[in-house]
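Read the structure below first, then the notes.
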Amino acid sequence: MLPWPCDWDALFADDAPAGGPLILEIGFGYGHFLKHLSAQNPQARIVGVEIANECLVHVEKMRDRGDLPNVRAVFSRAETALYHLFAPASLDQIHVNFPDPWFKARHERRRLMTPSNLAVMTSRLKPGGRLYLATDIHDYALMSDEALRGTAGLVNTLPAPWSDDPLPGRIITKYERKAIAEGRARHYFAYRRDDTPLPDLPVITEAPMPHITLALPLTAPEIASAFTSFSAKAAAREPRGMAGQISVNASEAFTGRGAVLVECYVSEPTIHQHVAVMIVPIKERPGEWAVGLGTLGSPRPTDGIHFAVRKVAEWAVSLHPDARITGDKARTGFESLTPDAQSE
Ligand SMILES: C[S@@+](CC[C@H](N)C(=O)[O-])C[C@H]1O[C@@H](n2cnc3c(N)ncnc32)[C@H](O)[C@@H]1O
């Protein structure tokens with residue numbers, strides 16, 4: 001697991017000089033452009049982020065063959081990487097080649113070139129740093145043009161909103177080759193980060209582990225068998241300026257070894273996690289339980305995880321009239337968005 005923020009110098013260790021240019025490619029697919037970036041910038045630290053496992057496997061094989069000495073491939077959504085891994089003003093270049101368009105209105109939140117994602121991309125670029133986008137979808141180009149023009153701190157380096165021809169020095173990516181074969185026009189954007197002071201968008205770091213203790217006169221099988229799935233929503237407090245919400249779906253409860261595991265899907269603006277919230281008996285205090293985060297799936301303690309642990313603890317307390325919280329080390333003050341739940 002990479003630390004938040006990531007120490008890129010340590011991660012590249014002997015493969016690229018410390019403090020050299022830092023270049024990010026979002027959604028690298030089969031790695032053609034990463035290979036090109038690596039060959040063009042042998043002194044740079046090049047990071048690719050991708051969510052498709054087969055693409056990551058493919059690029060790892062290229063790395064094994066020695067094709068990408070100064071490249072690291074990271075399994076991450078772009079949004080998570082931008083908010084959690086990269087410090088403000090740390091990147092020299094960001095490349096986005098043929099992002100998925102997500103046309104349907106209900107998928108709008110998945111689009112990459114949104115004003116809030118552009119704000120964090122811009123904050124992560126050094127003054128003078130470059131942001132490049134290529135797309136073969138005309139409507140996506142129009143949407144991106146509007147969003148890019150509206151982003152403080154970015155300046156178009158081209159005389160038109162985009163170029164219809166590949167920018168000098170570019171290679172053709174795997175997806176791009178398909179677009180050409182199918183006769184689709186391409187749109188190439190090139191922006192520069194100027195030195196306009198921007199609102200602070202600090203790296204969101206890990207929170208301390210949440211931990212709530214309760215008195216609950218039930219056994220683990222009794223707790224697990226009383227479970228019915230529930231969900232809860234709260235307004236997200238981070239990142240500043242990015243509208244969004246935390247949503248927790250507690251889907252199933254399991255028991256074993258005297259403890260209860262509650263499976264939860266936790267979604268917040270910068271990260272989605274599938275975690276195990278554990279209800280574990282406290283040996284020294286019979287009748288008391290500790291509610292906290294299990295290690296399954298290598299979860300990150302975030303605001304959303306604190307909210308999930310709190311909701312599971314509240315659910316457990318609701319199971320018995322004599323139950324009560326005896327200790328509380330989880331974040332409070334979430335503004336509840338679930339109609340029948342009380343604001344904390
Ligand atoms: C249309 S493909 C383009 C691949 C490659 N850039 C090319 O030009 O051949 C879009 C890629 O973006 C990846 N992707 C989609 N959403 C992403 C996200 N939020 N973060 C990182 N990668 C993403 C997909 O898995 C896919 O590999």
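Here, A, B, ... name the chains of the structure tokens in the order displayed, residue numbers run from 1 inside each chain, and ligands are numbered from 1 in the same displayed order.
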Q: Write as a PyMOL selection string the residues around ligand 1, taking 7 Å as the cut-off and counting only C-alpha atoms and all ligand atoms.
A: chain A and resi 26-30+49-52+55+76-79+96-100+110+112+173-176
Segment 28-190 of chain A: which residues are helix (DSSP H, G or I) by DSSP, as a short mmCIF file (atom, residue, chain, number, x, y, z; two decimals) with C-alpha atoms, in the first residue's frame?
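Result went into selection-v4.cif, see below:
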data_model
loop_
_atom_site.label_atom_id
_atom_site.label_comp_id
_atom_site.auth_asym_id
_atom_site.auth_seq_id
_atom_site.Cartn_x
_atom_site.Cartn_y
_atom_site.Cartn_z
CA HIS A 32 1.88 2.22 -25.19
CA PHE A 33 1.98 5.83 -24.06
CA LEU A 34 3.80 4.94 -20.83
CA LYS A 35 6.51 3.31 -22.96
CA HIS A 36 6.69 6.43 -25.12
CA LEU A 37 6.89 8.70 -22.05
CA SER A 38 9.61 6.52 -20.54
CA ALA A 39 11.71 6.62 -23.73
CA GLN A 40 11.22 10.38 -24.12
CA ASN A 53 -6.66 -5.33 -13.81
CA GLU A 54 -5.72 -6.82 -17.19
CA CYS A 55 -4.06 -3.52 -18.16
CA LEU A 56 -2.07 -3.52 -14.93
CA VAL A 57 -0.97 -7.12 -15.52
CA HIS A 58 0.02 -6.24 -19.10
CA VAL A 59 2.12 -3.27 -17.97
CA GLU A 60 3.74 -5.27 -15.17
CA LYS A 61 4.86 -7.80 -17.83
CA MET A 62 6.36 -4.92 -19.83
CA ARG A 63 8.16 -3.83 -16.66
CA ASP A 64 9.45 -7.39 -16.13
CA ALA A 78 -7.59 8.79 -10.88
CA GLU A 79 -9.57 10.76 -8.31
CA THR A 80 -8.10 8.74 -5.41
CA ALA A 81 -4.55 9.13 -6.72
CA LEU A 82 -4.91 12.87 -7.31
CA TYR A 83 -6.35 13.66 -3.87
CA HIS A 84 -4.34 11.21 -1.78
CA LEU A 85 -1.03 10.39 -3.49
CA ALA A 105 -26.67 11.26 -17.39
CA ARG A 106 -26.75 8.80 -14.47
CA HIS A 107 -23.04 8.03 -15.09
CA GLU A 108 -22.07 11.70 -15.19
CA ARG A 109 -20.26 11.42 -11.84
CA ARG A 110 -17.83 8.90 -13.35
CA PRO A 115 -14.64 20.88 -12.94
CA SER A 116 -13.81 19.33 -9.54
CA ASN A 117 -11.34 16.79 -11.03
CA LEU A 118 -9.75 19.56 -13.11
CA ALA A 119 -9.38 21.69 -9.98
CA VAL A 120 -7.39 18.94 -8.24
CA MET A 121 -5.36 18.17 -11.40
CA THR A 122 -4.44 21.87 -11.63
CA SER A 123 -3.54 22.04 -7.94
CA ARG A 124 -1.20 19.03 -8.37
CA HIS A 138 -16.84 15.16 -30.12
CA ASP A 139 -19.33 15.78 -27.31
CA TYR A 140 -16.67 14.86 -24.75
CA ALA A 141 -14.32 17.37 -26.43
CA LEU A 142 -16.98 20.09 -26.17
CA MET A 143 -17.63 19.28 -22.51
CA SER A 144 -13.90 19.19 -21.74
CA ASP A 145 -13.31 22.47 -23.58
CA GLU A 146 -15.90 24.21 -21.43
CA ALA A 147 -14.55 22.67 -18.21
CA LEU A 148 -10.92 23.43 -19.10
CA ARG A 149 -11.69 27.05 -20.03
CA LYS A 174 -3.90 1.28 -28.85
CA TYR A 175 -7.32 2.87 -28.44
CA GLU A 176 -6.40 5.73 -30.78
CA ARG A 177 -5.47 3.22 -33.51
CA LYS A 178 -8.96 1.76 -33.22
CA ALA A 179 -10.53 5.24 -33.43
CA ILE A 180 -8.50 5.96 -36.59
CA ALA A 181 -9.47 2.61 -38.14
#
### Task
Do a neighbour search on Ala290 of chain A at 12 Å with only C-alpha atoms, toss out local chain neighbours closer than 5 positions, and write the hits as a ChimeraX atom specification.
/A:210-216,259-261,277-285,309-310,312-313,316-317,325-330
* Show which residues sit within 6 Å of Asn70 of chain A, as a PyMOL selection string. Count only C-alpha atoms, and ignore same-chain residues fewer than 6 positions away. => chain A and resi 15-16+45
Emit the selected residues as an mmCIF file, in the first residue's frame, including C-alpha atoms.
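As a result, out.cif now contains:
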data_model
loop_
_atom_site.group_PDB
_atom_site.id
_atom_site.type_symbol
_atom_site.label_atom_id
_atom_site.label_comp_id
_atom_site.auth_asym_id
_atom_site.auth_seq_id
_atom_site.Cartn_x
_atom_site.Cartn_y
_atom_site.Cartn_z
ATOM 1 C CA ASP A 15 15.422 3.851 -11.276
ATOM 2 C CA ALA A 16 15.139 7.632 -11.615
ATOM 3 C CA ARG A 45 9.580 9.483 -12.563
#
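Residues of segment 12-72 of chain A carrying a DSSP assignment of strand (DSSP E), computed from the backbone, are Leu22, Ile23, Leu24, Glu25, Ile26, Arg45, Ile46, Val47, Gly48, Val49, Glu50, Val71 and Arg72 of chain A.
Distance check against Asp92 of chain A using only C-alpha atoms: of A:Ala73, A:Cys6, A:Leu22, A:Leu293, the minimum falls on A:Leu22.
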Point to revise | Residue contacts of Phe189 of chain A (9 Å, only C-alpha atoms) excluding same-chain residues fewer than 2 positions away, as number ranges by chain | key: A: 131-135, 141, 145, 156-158, 161-163, 167, 187, 191
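The smallest atom-to-atom distance between Ala207 of chain A and any of A:Pro168, A:Pro101, A:Pro127, A:Gly304, using only C-alpha atoms, is found for A:Gly304.
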Need the shell around Ala226 of chain A: protein/DNA/RNA residues with any atom at most 9 Å away, counting only C-alpha atoms. Skip same-chain ones fewer than 4 positions apart. Format as a short mmCIF file (atom, residue, chain, number, x, y, z; two decimals) with N, CA and C atoms, in the first residue's frame?
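The result, written out as part_22.cif:
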data_model
loop_
_atom_site.label_atom_id
_atom_site.label_comp_id
_atom_site.auth_asym_id
_atom_site.auth_seq_id
_atom_site.Cartn_x
_atom_site.Cartn_y
_atom_site.Cartn_z
N PRO A 221 -23.45 -14.87 17.85
CA PRO A 221 -24.49 -15.37 16.94
C PRO A 221 -25.79 -14.58 17.06
N GLU A 222 -26.12 -14.13 18.28
CA GLU A 222 -27.35 -13.34 18.45
C GLU A 222 -27.23 -11.99 17.71
N LEU A 319 -29.88 -2.93 19.33
CA LEU A 319 -30.37 -4.31 19.43
C LEU A 319 -30.89 -4.68 20.82
#
The residue from A:Met209, A:Ile204, A:Ala220, A:Met1 with the smallest atom-to-atom distance to Glu288 of chain A, counting only C-alpha atoms, is A:Ala220
Requested in this report: Write out as a PyMOL selection string each polymer residue whose atoms come within 12 Å of Gly333 of chain A, counting only C-alpha atoms; drop sequence neighbours fewer than 2 positions from it.
Outcome: chain A and resi 234-237+303+306-307+310+330-331+335-336+342-344
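Among the candidates A:Ala185, A:Ile46, A:Ile246, A:Leu218, the one nearest to Ile271 of chain A when counting only C-alpha atoms is A:Ile246.
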